[in-house]
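Notes follow once the structure below has been shown.
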Amino acid sequence: MADKQLIRGTMILTASIFISKLLGLIYIFPFTSIVGLEGLALYQYGYNPYTVLLSLSTLGIPLAVSKFVSKYNALGDYHTGQRLFRSGIVVMSITGIIGFIILYLIAEPLARYVLDPNELQGNTIADAVFTIRMVSVALLIVPIMSIIRGYFQGFQSMGPTAVSQVVEQIIRIAFILLLTYLIVEVWHGELGTAVGFATFGAFVGALGGLSVLLVYWMKRKNYIQQQIETSKVDHQIPLKKMYKELLSYAIPISFVGLAIPLFQAVDLMSFNGAMREIGYNQAEVDKFFGAFTQAAHKLILIPVSVATAMSLTILPTVTKAFINKEFDQLQRHITQTFQIILFLSIPASLGLVLLSDSAYGALFGLEDLEIGSAILRYYAPVAILFSIFAITAALLQGINRQKFTVIALLAGILFKAIVNYPFILWLEAGGAVLATGLGYAIAIGVNVWAIGKYATYSYTFLLKRLLLFSIFAIGMGVVVVVVKTGLGSVLPLDTRINAVIILASSVLAGMSVYLYLSVRSGVAGQILGHRFTFLSRKKVRENG
């Protein structure tokens, strides 16, 4: 019964994470229509330092608390988990307040560093300061909310976290879209005011999520207290030792979550200066920055989220096989995980490269199409690297070698920080994309080496599959180009509806070809047959 409850809870939590991420990806399309690329850039000027400080304030605490509480609850010691929770509420409150003060105080110097004070066009320093300070308020609540979620999860109760995450995201997005629309379209207010209130949506959404958690707490506090009172074991662990154990769980987790924010923080500190040195004014730089860090970035995260969500469900079996020393099973599970990622992310990335103009035009509109589509075309292949890094990091956690993820990420970030500025001077905005891609490639190289060494994993069969997926993707790409070119000759890309028709037709044709080739070869059944039974009808012997 306990195993069934855990599986059910994990499925609920996975679904809520997927829904929250999907909402977070979709809202960017109407938001861009309201504020444009300059507004997206301003939003990122505030949200990126907030995300970094939030990660540092919480340090992966929710999952770490969940693991800690679950461990001692399993030992019959409910006292230790409660002591950690009570102490953690205080600690998270303090770190949240410190994070808020730091972000509030650095808002002006950070804005002056990122933006050109002498430029009369584009986003102003005052707008950036307002945006950063508006989002900083969320740091007072989110860390507290995170530890409450972790405590509930330690009792194998995933419902509170799942519901609060979805409610938080819905309220945040509704607030952002409603306020920005009213300020810009109805009240004809300033763009800086609209974006500042958009970032304040993080605080409003957090209030909604915290309210949900408090309702759950009121309903379940008597049950939790009863378990604590009937607990006959109390390890009496000193707080210092308790936090040492907690941080040993938390730090590797937090580094994985910090990957994208840290890469984007490097861009925040160097992108604008390099682009201005090339000769662009601040308004032009804002558009490039908004397209790179928000519009194109959000778009490539769609295939990343789908591929990662489908493969992550295999990871508990990886952990189980490793613990039980079932090494043959471990090899098969690792292979299956990699295959899902590559099978889904390769065609999705190639499709975005080939359809960058129609995809950007259909989803974000035709304004600034040249900038947005060009960056999307360069950036799309990096989606494959995002997916592989996330999975290799999770696999290392599954085999208890998560320290290599930290080493890998630090190596990738260091490379990005060193080459980002000169790469931008060399290739303009494309240089920042290249620096990100190479930085992730370095991090993946470390992770892949560690998996090969400590899971004694051979990549020979996987390389053969990579070649096969690439051949299928090329076949798909040929069809996509033919359909896109044919439709483009009669439907010029001068209206959004034309972009939608070209995109939908090309995607449908490309997916049909890729699926046909993979099903006919039997590969689809081997990789996804356990999820979609119709794919398993054609049996082909797997040599892996």
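Residue numbers start at 1 in each chain; chains themselves are named A, B, ... in the order of the structure tokens; ligands are numbered from 1 in the order shown.
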Surrounding residues of range 402-416 of chain A excluding itself and chain neighbours under 2 positions, 8 Å, only C-alpha atoms, as a ChimeraX atom specification: /A:252,255-256,259,262-263,266,393,396-397,399-400,418-420,435-436,438-447,450
With N, CA and C atoms retained, export the selected residues as a PDB file, in the first residue's frame.
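This went into out_1.pdb:
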```
ATOM      1  N   PRO A 252      23.918  19.556  -4.108  1.00  0.00           N
ATOM      2  CA  PRO A 252      23.919  19.056  -5.492  1.00  0.00           C
ATOM      3  C   PRO A 252      22.597  19.315  -6.218  1.00  0.00           C
ATOM      4  N   PHE A 255      22.384  22.947  -7.396  1.00  0.00           N
ATOM      5  CA  PHE A 255      23.245  23.271  -8.530  1.00  0.00           C
ATOM      6  C   PHE A 255      22.590  22.893  -9.854  1.00  0.00           C
ATOM      7  N   VAL A 256      21.863  21.777  -9.874  1.00  0.00           N
ATOM      8  CA  VAL A 256      21.167  21.388 -11.099  1.00  0.00           C
ATOM      9  C   VAL A 256      20.109  22.442 -11.448  1.00  0.00           C
ATOM     10  N   ALA A 259      21.473  25.704 -13.087  1.00  0.00           N
ATOM     11  CA  ALA A 259      22.205  25.636 -14.349  1.00  0.00           C
ATOM     12  C   ALA A 259      21.798  26.743 -15.312  1.00  0.00           C
ATOM     13  N   LEU A 262      22.235  30.435 -13.999  1.00  0.00           N
ATOM     14  CA  LEU A 262      23.626  30.880 -13.946  1.00  0.00           C
ATOM     15  C   LEU A 262      24.159  31.194 -15.343  1.00  0.00           C
ATOM     16  N   PHE A 263      23.822  30.365 -16.322  1.00  0.00           N
ATOM     17  CA  PHE A 263      24.226  30.667 -17.698  1.00  0.00           C
ATOM     18  C   PHE A 263      23.616  31.986 -18.144  1.00  0.00           C
ATOM     19  N   VAL A 266      25.365  35.055 -16.657  1.00  0.00           N
ATOM     20  CA  VAL A 266      26.556  35.465 -17.411  1.00  0.00           C
ATOM     21  C   VAL A 266      26.157  36.375 -18.564  1.00  0.00           C
ATOM     22  N   ALA A 393      22.485  14.605 -15.224  1.00  0.00           N
ATOM     23  CA  ALA A 393      22.547  15.039 -13.823  1.00  0.00           C
ATOM     24  C   ALA A 393      21.654  14.156 -12.952  1.00  0.00           C
ATOM     25  N   LEU A 396      23.230  10.688 -12.505  1.00  0.00           N
ATOM     26  CA  LEU A 396      24.313  10.708 -11.515  1.00  0.00           C
ATOM     27  C   LEU A 396      23.758  10.726 -10.099  1.00  0.00           C
ATOM     28  N   GLN A 397      22.639  11.419  -9.918  1.00  0.00           N
ATOM     29  CA  GLN A 397      21.996  11.399  -8.607  1.00  0.00           C
ATOM     30  C   GLN A 397      21.481   9.993  -8.304  1.00  0.00           C
ATOM     31  N   ILE A 399      22.776   7.190  -9.202  1.00  0.00           N
ATOM     32  CA  ILE A 399      23.865   6.279  -8.819  1.00  0.00           C
ATOM     33  C   ILE A 399      24.737   6.886  -7.718  1.00  0.00           C
ATOM     34  N   ASN A 400      24.207   7.928  -7.083  1.00  0.00           N
ATOM     35  CA  ASN A 400      24.848   8.549  -5.915  1.00  0.00           C
ATOM     36  C   ASN A 400      26.223   9.142  -6.229  1.00  0.00           C
ATOM     37  N   ILE A 418      34.185  33.029 -19.522  1.00  0.00           N
ATOM     38  CA  ILE A 418      35.436  33.454 -20.159  1.00  0.00           C
ATOM     39  C   ILE A 418      35.215  33.856 -21.622  1.00  0.00           C
ATOM     40  N   VAL A 419      34.417  33.076 -22.351  1.00  0.00           N
ATOM     41  CA  VAL A 419      34.341  33.278 -23.810  1.00  0.00           C
ATOM     42  C   VAL A 419      33.130  34.099 -24.245  1.00  0.00           C
ATOM     43  N   ASN A 420      32.172  34.372 -23.357  1.00  0.00           N
ATOM     44  CA  ASN A 420      30.921  34.985 -23.788  1.00  0.00           C
ATOM     45  C   ASN A 420      31.143  36.348 -24.457  1.00  0.00           C
ATOM     46  N   ALA A 435      28.425  30.208 -26.993  1.00  0.00           N
ATOM     47  CA  ALA A 435      29.076  30.059 -25.686  1.00  0.00           C
ATOM     48  C   ALA A 435      28.229  29.193 -24.756  1.00  0.00           C
ATOM     49  N   THR A 436      26.913  29.376 -24.790  1.00  0.00           N
ATOM     50  CA  THR A 436      26.025  28.543 -23.977  1.00  0.00           C
ATOM     51  C   THR A 436      26.096  27.082 -24.413  1.00  0.00           C
ATOM     52  N   LEU A 438      28.496  25.451 -26.057  1.00  0.00           N
ATOM     53  CA  LEU A 438      29.783  24.830 -25.731  1.00  0.00           C
ATOM     54  C   LEU A 438      29.939  24.623 -24.223  1.00  0.00           C
ATOM     55  N   GLY A 439      29.416  25.578 -23.435  1.00  0.00           N
ATOM     56  CA  GLY A 439      29.468  25.418 -21.986  1.00  0.00           C
ATOM     57  C   GLY A 439      28.692  24.194 -21.522  1.00  0.00           C
ATOM     58  N   TYR A 440      27.494  24.018 -22.091  1.00  0.00           N
ATOM     59  CA  TYR A 440      26.702  22.826 -21.764  1.00  0.00           C
ATOM     60  C   TYR A 440      27.377  21.554 -22.271  1.00  0.00           C
ATOM     61  N   ALA A 441      28.003  21.624 -23.442  1.00  0.00           N
ATOM     62  CA  ALA A 441      28.699  20.450 -23.982  1.00  0.00           C
ATOM     63  C   ALA A 441      29.825  20.006 -23.051  1.00  0.00           C
ATOM     64  N   ILE A 442      30.544  20.966 -22.482  1.00  0.00           N
ATOM     65  CA  ILE A 442      31.613  20.645 -21.526  1.00  0.00           C
ATOM     66  C   ILE A 442      31.025  19.979 -20.280  1.00  0.00           C
ATOM     67  N   ALA A 443      29.940  20.556 -19.758  1.00  0.00           N
ATOM     68  CA  ALA A 443      29.289  19.988 -18.566  1.00  0.00           C
ATOM     69  C   ALA A 443      28.795  18.571 -18.844  1.00  0.00           C
ATOM     70  N   ILE A 444      28.189  18.378 -20.029  1.00  0.00           N
ATOM     71  CA  ILE A 444      27.696  17.047 -20.393  1.00  0.00           C
ATOM     72  C   ILE A 444      28.853  16.065 -20.510  1.00  0.00           C
ATOM     73  N   GLY A 445      29.992  16.535 -21.062  1.00  0.00           N
ATOM     74  CA  GLY A 445      31.159  15.667 -21.190  1.00  0.00           C
ATOM     75  C   GLY A 445      31.600  15.101 -19.844  1.00  0.00           C
ATOM     76  N   VAL A 446      31.618  15.941 -18.812  1.00  0.00           N
ATOM     77  CA  VAL A 446      31.979  15.479 -17.467  1.00  0.00           C
ATOM     78  C   VAL A 446      30.955  14.468 -16.964  1.00  0.00           C
ATOM     79  N   ASN A 447      29.662  14.783 -17.131  1.00  0.00           N
ATOM     80  CA  ASN A 447      28.602  13.878 -16.662  1.00  0.00           C
ATOM     81  C   ASN A 447      28.649  12.528 -17.375  1.00  0.00           C
ATOM     82  N   ALA A 450      31.472  10.452 -16.105  1.00  0.00           N
ATOM     83  CA  ALA A 450      31.212   9.915 -14.769  1.00  0.00           C
ATOM     84  C   ALA A 450      30.230   8.749 -14.820  1.00  0.00           C
TER      85      ALA A 450
END
```
Compile the contact shell of Phe461 in chain A as a compact mmCIF listing (two decimals) with N, CA and C atoms, in the first residue's frame: residues with an atom at most 12 Å away, counting only C-alpha atoms, same-chain residues fewer than 3 positions apart removed.
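selection_37.txt written:
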```txt
# COMPACT_ATOMS: atom_id res chain seq x y z
N GLN A 331 22.09 -0.98 -16.89
CA GLN A 331 22.52 -0.63 -18.25
C GLN A 331 21.31 -0.39 -19.16
N ARG A 332 20.32 -1.28 -19.05
CA ARG A 332 19.13 -1.15 -19.90
C ARG A 332 18.36 0.13 -19.59
N ILE A 334 19.50 2.96 -18.24
CA ILE A 334 20.26 4.13 -18.69
C ILE A 334 20.11 4.29 -20.21
N THR A 335 20.24 3.18 -20.93
CA THR A 335 20.08 3.22 -22.39
C THR A 335 18.70 3.73 -22.77
N GLN A 336 17.67 3.22 -22.09
CA GLN A 336 16.30 3.63 -22.39
C GLN A 336 16.11 5.12 -22.14
N PHE A 338 18.41 7.56 -22.17
CA PHE A 338 19.09 8.32 -23.22
C PHE A 338 18.33 8.25 -24.54
N GLN A 339 17.82 7.07 -24.87
CA GLN A 339 17.12 6.91 -26.14
C GLN A 339 15.87 7.80 -26.23
N TYR A 457 29.12 2.03 -17.82
CA TYR A 457 28.20 2.07 -18.96
C TYR A 457 28.95 2.25 -20.28
N SER A 458 28.60 1.44 -21.27
CA SER A 458 29.19 1.55 -22.61
C SER A 458 28.23 2.30 -23.53
N LYS A 464 25.14 4.16 -32.08
CA LYS A 464 24.46 3.61 -33.26
C LYS A 464 23.04 4.17 -33.35
N ARG A 465 22.37 4.25 -32.20
CA ARG A 465 21.01 4.79 -32.18
C ARG A 465 21.01 6.28 -32.53
N LEU A 466 22.02 6.99 -32.07
CA LEU A 466 22.14 8.41 -32.39
C LEU A 466 22.23 8.61 -33.91
N LEU A 467 23.02 7.76 -34.56
CA LEU A 467 23.15 7.83 -36.02
C LEU A 467 21.81 7.54 -36.69
N LEU A 468 21.09 6.52 -36.19
CA LEU A 468 19.80 6.16 -36.76
C LEU A 468 18.78 7.28 -36.60
N GLU A 542 16.18 -5.99 -30.34
CA GLU A 542 17.07 -4.91 -29.93
C GLU A 542 18.41 -5.49 -29.55
N ASN A 543 19.47 -4.89 -30.03
CA ASN A 543 20.81 -5.41 -29.80
C ASN A 543 21.52 -4.74 -28.64
N GLY A 544 20.80 -3.91 -27.84
CA GLY A 544 21.45 -3.16 -26.78
C GLY A 544 21.50 -3.90 -25.51
```
For range 72-87 of chain A, please output as a PDB file with N, CA and C atoms, in the first residue's frame all residues within 8 Å (counting only C-alpha atoms; exclusion window: fewer than 6 positions along the same chain).
```pdb
ATOM      1  N   ILE A 147       9.895  25.107   2.105  1.00  0.00           N
ATOM      2  CA  ILE A 147      10.169  24.142   3.172  1.00  0.00           C
ATOM      3  C   ILE A 147       8.877  23.453   3.625  1.00  0.00           C
ATOM      4  N   ILE A 148       7.754  24.156   3.557  1.00  0.00           N
ATOM      5  CA  ILE A 148       6.475  23.514   3.892  1.00  0.00           C
ATOM      6  C   ILE A 148       6.180  22.409   2.883  1.00  0.00           C
ATOM      7  N   TYR A 151       8.333  19.405   3.666  1.00  0.00           N
ATOM      8  CA  TYR A 151       7.871  18.673   4.856  1.00  0.00           C
ATOM      9  C   TYR A 151       6.705  17.757   4.515  1.00  0.00           C
ATOM     10  N   GLY A 154       7.880  14.774   2.669  1.00  0.00           N
ATOM     11  CA  GLY A 154       8.542  13.812   3.544  1.00  0.00           C
ATOM     12  C   GLY A 154       7.575  12.809   4.151  1.00  0.00           C
ATOM     13  N   PHE A 155       6.294  13.170   4.217  1.00  0.00           N
ATOM     14  CA  PHE A 155       5.236  12.271   4.687  1.00  0.00           C
ATOM     15  C   PHE A 155       4.598  11.528   3.511  1.00  0.00           C
ATOM     16  N   GLN A 227       1.035  11.501  15.080  1.00  0.00           N
ATOM     17  CA  GLN A 227       2.172  10.641  14.756  1.00  0.00           C
ATOM     18  C   GLN A 227       3.406  11.021  15.572  1.00  0.00           C
ATOM     19  N   ILE A 228       3.604  12.306  15.776  1.00  0.00           N
ATOM     20  CA  ILE A 228       4.748  12.765  16.560  1.00  0.00           C
ATOM     21  C   ILE A 228       4.622  12.305  18.012  1.00  0.00           C
ATOM     22  N   SER A 231       5.273   8.634  18.454  1.00  0.00           N
ATOM     23  CA  SER A 231       6.611   8.204  18.058  1.00  0.00           C
ATOM     24  C   SER A 231       7.434   7.849  19.299  1.00  0.00           C
ATOM     25  N   LYS A 232       8.040   6.662  19.290  1.00  0.00           N
ATOM     26  CA  LYS A 232       8.821   6.190  20.436  1.00  0.00           C
ATOM     27  C   LYS A 232      10.330   6.336  20.228  1.00  0.00           C
ATOM     28  N   VAL A 233      10.716   6.845  19.067  1.00  0.00           N
ATOM     29  CA  VAL A 233      12.131   7.012  18.751  1.00  0.00           C
ATOM     30  C   VAL A 233      12.439   8.492  18.594  1.00  0.00           C
ATOM     31  N   ASP A 234      13.555   8.916  19.185  1.00  0.00           N
ATOM     32  CA  ASP A 234      14.015  10.294  19.011  1.00  0.00           C
ATOM     33  C   ASP A 234      15.539  10.275  19.037  1.00  0.00           C
ATOM     34  N   HIS A 235      16.144  10.497  17.883  1.00  0.00           N
ATOM     35  CA  HIS A 235      17.597  10.386  17.779  1.00  0.00           C
ATOM     36  C   HIS A 235      18.334  11.551  18.441  1.00  0.00           C
ATOM     37  N   GLN A 236      17.592  12.599  18.798  1.00  0.00           N
ATOM     38  CA  GLN A 236      18.193  13.752  19.488  1.00  0.00           C
ATOM     39  C   GLN A 236      19.427  14.281  18.742  1.00  0.00           C
ATOM     40  N   ILE A 237      19.283  14.426  17.443  1.00  0.00           N
ATOM     41  CA  ILE A 237      20.408  14.894  16.627  1.00  0.00           C
ATOM     42  C   ILE A 237      20.596  16.393  16.836  1.00  0.00           C
ATOM     43  N   LEU A 239      21.273  20.261  16.071  1.00  0.00           N
ATOM     44  CA  LEU A 239      20.899  21.018  14.884  1.00  0.00           C
ATOM     45  C   LEU A 239      22.065  21.144  13.900  1.00  0.00           C
ATOM     46  N   MET A 242      22.324  18.021  12.040  1.00  0.00           N
ATOM     47  CA  MET A 242      21.121  17.897  11.229  1.00  0.00           C
ATOM     48  C   MET A 242      21.258  18.704   9.936  1.00  0.00           C
TER      49      MET A 242
END
```
If you count only C-alpha atoms, the residue of A:Gly290, A:Gly431, A:Gly46, A:Gly192 closest to Val135 in chain A turns out to be A:Gly46
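Note that CA of Ile451 in chain A and CA of Asp328 in chain A are 14.5 Å apart.
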Non-local contacts of Ile98 in chain A (10 Å; only C-alpha atoms; under 6 positions in same chain excluded) as a PDB file with N, CA and C atoms, in the first residue's frame:
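File produced: around_38.pdb:
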```pdb
ATOM      1  N   LEU A  53      19.126  34.392  -6.769  1.00  0.00           N
ATOM      2  CA  LEU A  53      19.068  34.598  -5.319  1.00  0.00           C
ATOM      3  C   LEU A  53      18.064  33.669  -4.646  1.00  0.00           C
ATOM      4  N   SER A  57      18.925  31.164  -1.784  1.00  0.00           N
ATOM      5  CA  SER A  57      18.209  31.284  -0.509  1.00  0.00           C
ATOM      6  C   SER A  57      17.625  29.952  -0.059  1.00  0.00           C
ATOM      7  N   MET A  92      14.674  29.611   6.823  1.00  0.00           N
ATOM      8  CA  MET A  92      14.202  30.052   5.501  1.00  0.00           C
ATOM      9  C   MET A  92      13.655  31.476   5.553  1.00  0.00           C
ATOM     10  N   TYR A 104      17.183  44.016  -3.286  1.00  0.00           N
ATOM     11  CA  TYR A 104      16.656  45.387  -3.267  1.00  0.00           C
ATOM     12  C   TYR A 104      17.799  46.403  -3.344  1.00  0.00           C
ATOM     13  N   LEU A 139      10.851  37.063  -2.452  1.00  0.00           N
ATOM     14  CA  LEU A 139      11.825  36.318  -1.649  1.00  0.00           C
ATOM     15  C   LEU A 139      11.422  36.228  -0.178  1.00  0.00           C
ATOM     16  N   LEU A 140      10.495  37.072   0.250  1.00  0.00           N
ATOM     17  CA  LEU A 140      10.031  37.018   1.637  1.00  0.00           C
ATOM     18  C   LEU A 140       9.108  35.828   1.890  1.00  0.00           C
TER      19      LEU A 140
END
```
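Of the listed residues (A:Trp217, A:Phe469, A:Tyr43, A:Tyr113), A:Tyr43 comes nearest to Ile132 in chain A; the distances count only C-alpha atoms.
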